[in-house]
Structures are given as C-alpha cells and as structure tokens.
Amino acid sequence: MIFNKKLNKLGTETAFAVSSESKLWEEKGNKIYPFHLGDINMQTPKIIRDATNRYMNDNKNGYCASEGITELRQALAYDVGLKRNVLYDMDNVVIQPGGKPTIWKFLATVMNKGDEVLYPNPGYPIYESQIRYQGGIPIPYGFNETKSGFEINLEMLSRCITKNTTVLIYNNYQNPLSASSSASEMQALAELAINNDLWVLSDDAYYEIRYTNDKARSIVSIPGLRERTVILYTFSKRFAMTGWRIGASIGPKKLIKQIARFNINDESCTNHFIQHALADIIKNENTGAEKILDILRKRRDICVDGLNNIDGINLPMPDSTFYLFPNVTKVMQNKGYSDLDQFRIDAMKATGVSFCTRHHFGTVYNNEKDHYIRLAYSGINEEDISEGLKRFKDWIEN
Ligand SMILES: Cc1ncc(COP(=O)(O)O)c(C=O)c1O
C-alpha cells in the first residue's frame with residue numbers, strides 16, 4: 001500500500017513547530033513568553049457569543065446552502081464593498097470555513113498545471129504549499145527594507161513575469177512584515193496584473209487590523225481589478241474568532257460560482273448558527289472589534305518600544321497587523337551567532353521568549369544577508385510583553 005506521491009509537494013506552517021517546542025519547554029517548568037503564533041488570546045466579543053447562542057438554541061443547526069446563508073452574503077457584500085468603494089451583491093460572496101480555504105479553492109479554480117504563480121516571500125507559507133501541491137510553479141517576489149518598513153521589490157516582481165504567469169497573490173497589510181502598500185505601489189501592482197492578464201488573490205486577512213484613521217486601501221478599488229480579483233475575507237482576526245472558522249471568498253460572480261462547487265464537494269456548508277449571528281452583528285455599529293483593536297494598539301506600542309530599547313534593533317512603528325519583523329543581524333553579530341535558528345532556540349531557553357524567524361515564512365533567497373525574527377503580539381498580554389522583552393534585552397546585551 002502506498003500514499004499519494006503528490007503528498008510530498010504539500011507544505012505546512014512551520015510556525016506550529018515552534019509552538020510545540022515552546023510547549024515542551026513550558027511543560028518542563030519554564031515560563032514562556034509566547035510571541036510565536038498569530039493567535040489571539042482575547043475572547044470573541046460577547047455580542048457575537050450571545051447572538052450565536054441564540055441562533056443555536058433556535059435550531060439553526062442543520063445543513064444550510066453551501067454558498068452560505070443569504071443574510072450573511074448580503075451583509076458581507078455591502079460591508080466589504082463599502083469599505084473598498086466597489087459594488088458587490090450576494091452572488092459575489094461565498095461563505096467559507098475560515099480565510100484559509102479561499103487559497104486552495106481559488107487556485108483550484110484559476111490555475112492549471114505548469115502555471116507560474118507570483119507570491120510574497122517572506123509571506124504566509126500556505127500560498128507556496130498550495131501552488132506546488134496543485135501543480136503550479138511558485139514564483140516568489142521579495143521586499144526591500146526601508147526606514148519606514150518594507151515595500152515590495154517591484155523590479156524583482158516584474159522580472160519574474162513570463163508568458164506562463166497567470167496569477168498574482170497579494171497580501172496587503174502583510175504577514176509577517178506588517179508591510180502596507182503605498183498608493184503608487186498598489187497602482188503598479190494593478191497595472192502589472194492588467195498588462196499581463198493575471199488573476200489576483202487579495203489576501204485581506206488583516207484589512208481591519210489597522211491603527212490609523214486613514215481609509216484602508218484595496219487593489220479591487222482600482223479600475224480593471226474588480227473583474228480579476230478574489231478577496232480572501234476572514235472574521236478570524238477582526239473579531240478574535242480564529243477557532244470559529246468562518247470567512248468568505250468575494251469576487252467575480254462566475255468565479256465565485258466555481259468556488260462554491262468546491263464547498264459542496266468539501267465541507268458541504270459552514271455552521272449557520274454562526275452565520276446568522278454574524279449577519280446581525282456586521283450591520284451593527286458596536287461590534288466589539290474596536291476594543292480588540294485598542295488592546296492590540298497598546299501591545300504594539302509596548303512591543304516596539306521594548307524592542308527598540310535593545311542594542312542593535314531599530315524598528316519603525318507599523319500601522320497594521322499584529323506582527324513585528326525586526327532585523328536582528330547586528331544583535332546576532334554582537335552575541336556571536338551566525339545561525340538564526342540556533343539564536344531562536346537559545347533565546348527561548350535562556351529567556352522564555354518564543355518567536356518565529358524569517359525561515360518560517362518561505363525559502364531564503366541566495367543573496368539574502370540580513371537576519372530577521374517575527375514577533376506576534378496578539379497572544380501575549382502587556383505585562384508579559386514588557387517582562388519578556390526585558391529578559392530578551394538582558395540576555396542580548398550581556
Ligand atoms: C496572511 C494570512 N492569510 C490567511 C490566514 C488564514 O486565516 P484563517 O485563520 O481565517 O483561516 C492567515 C492566518 O494567520 C494569514 O496570516
């Protein structure tokens with residue numbers, strides 16, 4: 001008996017391995033400061049929990065339409081369209097059990113064997129895993145570090161395009177870099193997609209995790225992009241609902257219809273007591289999301305201050321997501337390290353501070369010289385952030 005040969009093409013989220021390591025270390029009686037996983041240690045807002053309970057008790061617990069219930073599809077079409085200056089109706093929306101399923105279902109809909117797919121590296125590792133698994137050729141594009149954060153290396157991106165390129169994956173408000181595109185960067189990407197007739201996956205997982213008052217930017221707002229773009233939408237981060245597994249794919253009707261066929265073949269439908277609750281909540285002014293954002297903002301400030309207090313780290317204040325990606329090249333040099341993974345493991349054992357590194361977010365380029373770590377502040381409270389980073393500083397500077 002043998003397994004499917006294609007399985008060796010399937011990747012993973014190696015960040016989960018860091019969780020297991022830190023768990024083991026904790027079980028041995030050590031204190032862990034968990035900066036490694038992009039989970040949220042806050043409760044889902046009460047208004048959502050209460051509404052869900054109500055619908056569950058009201059017998060909303062059978063199968064429902066595999067595209068999702070009308071009320072939620074309508075509510076999302078309105079909300080997502082309004083925030084991006086485009087018109088959507090319910091046929092542009094198909095509900096998913098989380099944000100992640102949109103990645104494979106979108107690729108399975110638009111990508112053919114041998115197609116080249118552009119994706120961000122460093123970036124969310126599931127893109128590469130799914131491109132490879134489904135028979136596409138993953139073509140990574142990188143970023144440049146600037147004084148104010150990271151920007152897409154547009155020159156590299158344009159050089160990557162060939163006659164076989166069919167898809168661009170774009171994650172604005174980006175994991176792990178917290179990069180946010182300027183208007184001109186987004187325009188350049190849009191032109192590239194139009195000129196080369198590419199499908200676009202706009203991963204909007206962090207669209208609402210923003211700490212400034214200016215309106216979030218979306219590539220679908222640019223003329224010519226709505227017709228070729230699918231938005232990965234998720235409730236996971238906005239409402240601290242990572243474990244509830246609910247999101248949506250939003251895009252051109254013909255494409256959404258195809259994605260819905262995968263729903264029927266895969267999960268049949270997503271829980272509809274949750275869908276009913278969210279359809280009510282999303283129309284509501286007071287969702288509880290503001291409170292989550294306030295807590296995250298405070299954590300971000302403490303975290304950036306704490307890191308900038310360390311000799312050799314100089315980190316700009318990002319305005320979105322809940323990740324930080326400091327350059328630790330100098331820190332490692334000062335401490336006598338050349339191996340990033342060894343640095344990570346020793347830091348955890350010496351201080352309890354657990355984080356991911358650049359290696360968890362895609363294959364390192366041959367010409368890459370600098371070293372980076374990724375800290376998430378969504379799953380650790382203020383006190384532990386301060387205490388953990390103080391220990392990290394002491395270890396690094398002594
Ligand atoms: C960039 C990005 N896209 C998609 C997802 C998946 O979101 P969900 O947990 O809703 O499936 C994540 C989760 O961390 C993410 O960081």
# chains A, B, ... in the order shown; residues from 1 in each chain; ligands from 1

$ residues_around --residues "segment 347-357 of chain A" --least-positions-apart "4" --cutoff "8 Å" --atoms "only C-alpha atoms" --output "ChimeraX atom specification"
/A:15,18,22,25,30-37,340-341,343,361,372-376,388-389,391-392,395

$ residues_around --residues "Met56 of chain A" --least-positions-apart "2" --cutoff "10 Å" --atoms "only C-alpha atoms" --output "PDB file with C-alpha atoms, in the first residue's frame"
ATOM      1  CA  ASP A  50     -24.697  35.807  22.717  1.00  0.00           C
ATOM      2  CA  ALA A  51     -26.130  36.041  19.221  1.00  0.00           C
ATOM      3  CA  THR A  52     -24.566  32.685  18.283  1.00  0.00           C
ATOM      4  CA  ASN A  53     -26.079  31.049  21.369  1.00  0.00           C
ATOM      5  CA  ARG A  54     -29.461  32.469  20.475  1.00  0.00           C
ATOM      6  CA  ASP A  58     -33.259  28.456  17.777  1.00  0.00           C
ATOM      7  CA  ASN A  59     -32.487  25.258  15.866  1.00  0.00           C
ATOM      8  CA  LYS A  60     -30.146  26.789  13.318  1.00  0.00           C
ATOM      9  CA  ASN A  61     -28.112  23.629  13.425  1.00  0.00           C
ATOM     10  CA  GLY A  62     -28.855  21.669  10.285  1.00  0.00           C
ATOM     11  CA  ASN A 271     -22.131  26.402  10.550  1.00  0.00           C
ATOM     12  CA  HIS A 272     -25.166  28.547  10.084  1.00  0.00           C
ATOM     13  CA  PHE A 273     -25.843  29.499  13.691  1.00  0.00           C
ATOM     14  CA  ILE A 274     -22.563  31.454  13.437  1.00  0.00           C
ATOM     15  CA  HIS A 276     -26.830  34.171  11.372  1.00  0.00           C
ATOM     16  CA  ALA A 277     -25.117  35.790  14.333  1.00  0.00           C
TER      17      ALA A 277
END

$ closest_residue --among "A:Met42, A:Asn398, A:Asn92, A:Ser66" --to "Tyr78 of chain A" --atoms "only C-alpha atoms"
A:Asn92

$ residues_near_ligand --ligand "ligand 1" --cutoff "8 Å" --atoms "only C-alpha atoms and all ligand atoms" --output "VMD selection string"
chain A and resid 38 to 39 97 to 101 103 123 to 124 171 174 to 176 203 to 206 232 to 237 242 to 243 245 to 247

$ write_last_selection --atoms "C-alpha atoms" --output "PDB file, in the first residue's frame"
ATOM      1  CA  GLY A  38      -0.622  34.719  15.292  1.00  0.00           C
ATOM      2  CA  ASP A  39      -3.451  33.615  17.542  1.00  0.00           C
ATOM      3  CA  PRO A  97     -14.988  27.831   6.986  1.00  0.00           C
ATOM      4  CA  GLY A  98     -12.197  30.375   7.630  1.00  0.00           C
ATOM      5  CA  GLY A  99      -9.935  32.519   5.486  1.00  0.00           C
ATOM      6  CA  LYS A 100      -7.526  29.773   4.514  1.00  0.00           C
ATOM      7  CA  PRO A 101      -9.868  27.665   2.289  1.00  0.00           C
ATOM      8  CA  ILE A 103      -6.396  29.980  -1.027  1.00  0.00           C
ATOM      9  CA  GLY A 123       4.913  35.567   3.310  1.00  0.00           C
ATOM     10  CA  TYR A 124       2.181  33.274   4.524  1.00  0.00           C
ATOM     11  CA  ASN A 171      -1.347  40.227   0.876  1.00  0.00           C
ATOM     12  CA  GLN A 174       1.067  41.706   5.316  1.00  0.00           C
ATOM     13  CA  ASN A 175       2.028  38.759   7.471  1.00  0.00           C
ATOM     14  CA  PRO A 176       4.859  38.606   8.585  1.00  0.00           C
ATOM     15  CA  ASP A 203      -5.496  38.257   0.944  1.00  0.00           C
ATOM     16  CA  ASP A 204      -7.308  40.765   3.175  1.00  0.00           C
ATOM     17  CA  ALA A 205      -6.926  38.806   6.430  1.00  0.00           C
ATOM     18  CA  TYR A 206      -5.659  41.954   8.222  1.00  0.00           C
ATOM     19  CA  LEU A 232      -9.797  36.339   0.966  1.00  0.00           C
ATOM     20  CA  TYR A 233     -12.018  37.593   3.770  1.00  0.00           C
ATOM     21  CA  THR A 234     -11.914  36.256   7.317  1.00  0.00           C
ATOM     22  CA  PHE A 235     -13.607  37.029  10.627  1.00  0.00           C
ATOM     23  CA  SER A 236     -10.692  35.395  12.470  1.00  0.00           C
ATOM     24  CA  LYS A 237      -8.585  38.429  13.301  1.00  0.00           C
ATOM     25  CA  THR A 242      -9.626  32.256  14.931  1.00  0.00           C
ATOM     26  CA  GLY A 243     -11.088  28.963  16.180  1.00  0.00           C
ATOM     27  CA  ARG A 245     -13.566  29.000  11.358  1.00  0.00           C
ATOM     28  CA  ILE A 246     -15.555  31.439   9.315  1.00  0.00           C
ATOM     29  CA  GLY A 247     -14.685  33.675   6.374  1.00  0.00           C
TER      30      GLY A 247
END

$ residues_around --residues "Ile152 of chain A" --least-positions-apart "3" --cutoff "12 Å" --atoms "only C-alpha atoms" --output "number ranges by chain"
A: 119-123, 140-146, 149, 155-158, 170-174, 177-182, 184-186, 188-189

$ atom_distance --atom1 "atom CA of Ile169 of chain A" --atom2 "atom CA of Val117 of chain A"
7.4 Å

$ residues_around --residues "Thr70 of chain A" --least-positions-apart "5" --cutoff "10 Å" --atoms "only C-alpha atoms" --output "number ranges by chain"
A: 65, 75-76, 90-91, 93-95, 275-276, 279

$ select_by_dssp --residues "segment 94-191 of chain A" --states "strand (DSSP E or B)" --output "PyMOL selection string"
chain A and resi 94-96+116-120+137-141+143-146+149-152+165-170

$ closest_residue --among "A:Tyr323, A:Tyr55, A:Phe106, A:Phe16" --to "Ala260 of chain A" --atoms "only C-alpha atoms"
A:Phe106

$ select_by_dssp --residues "segment 122-253 of chain A" --states "helix (DSSP H, G or I)" --output "PyMOL selection string"
chain A and resi 126-133+154-160+183-195+219-221+226-228+253

$ closest_residue --among "A:Arg159, A:Thr270, A:Leu154, A:Leu315" --to "Trp244 of chain A" --atoms "only C-alpha atoms"
A:Thr270

$ atom_distance --atom1 "atom CA of Asp294 of chain A" --atom2 "atom CA of Gly81 of chain A"
24.8 Å

$ residues_around --residues "Asn309 of chain A" --least-positions-apart "4" --cutoff "9 Å" --atoms "only C-alpha atoms" --output "list in words"
Val304, Asp305, Ile313, Asn314, Lys390 and Lys393 of chain A

$ write_last_selection --atoms "N, CA, C and O atoms" --output "compact mmCIF listing (two decimals), in the first residue's frame"
# COMPACT_ATOMS: atom_id res chain seq x y z
N VAL A 304 7.07 47.58 20.42
CA VAL A 304 8.03 48.32 19.57
C VAL A 304 9.02 49.06 20.47
O VAL A 304 10.24 49.04 20.23
N ASP A 305 8.52 49.69 21.53
CA ASP A 305 9.41 50.38 22.48
C ASP A 305 10.42 49.41 23.07
O ASP A 305 11.61 49.70 23.14
N ILE A 313 18.78 46.96 17.63
CA ILE A 313 17.47 46.84 16.96
C ILE A 313 16.90 48.24 16.71
O ILE A 313 16.91 49.10 17.59
N ASN A 314 16.42 48.44 15.50
CA ASN A 314 15.84 49.72 15.15
C ASN A 314 14.62 49.47 14.27
O ASN A 314 14.75 49.18 13.09
N LYS A 390 12.22 42.56 28.40
CA LYS A 390 13.28 42.96 29.34
C LYS A 390 14.30 41.81 29.47
O LYS A 390 15.52 42.02 29.42
N LYS A 393 16.33 41.54 26.30
CA LYS A 393 17.35 42.61 26.25
C LYS A 393 18.55 42.23 27.14
O LYS A 393 19.70 42.33 26.73

$ closest_residue --among "A:Glu21, A:Ser202, A:Ala193, A:Ser249" --to "Arg344 of chain A" --atoms "only C-alpha atoms"
A:Glu21

$ closest_residue --among "A:Ala183, A:Leu10, A:Met317, A:Val110" --to "Lys254 of chain A" --atoms "only C-alpha atoms"
A:Val110

$ closest_residue --among "A:Cys64, A:Ile126, A:Leu201, A:Ile2" --to "Ile264 of chain A" --atoms "only C-alpha atoms"
A:Cys64

$ atom_distance --atom1 "atom CA of Ile139 of chain A" --atom2 "atom CA of Glu116 of chain A"
6.4 Å
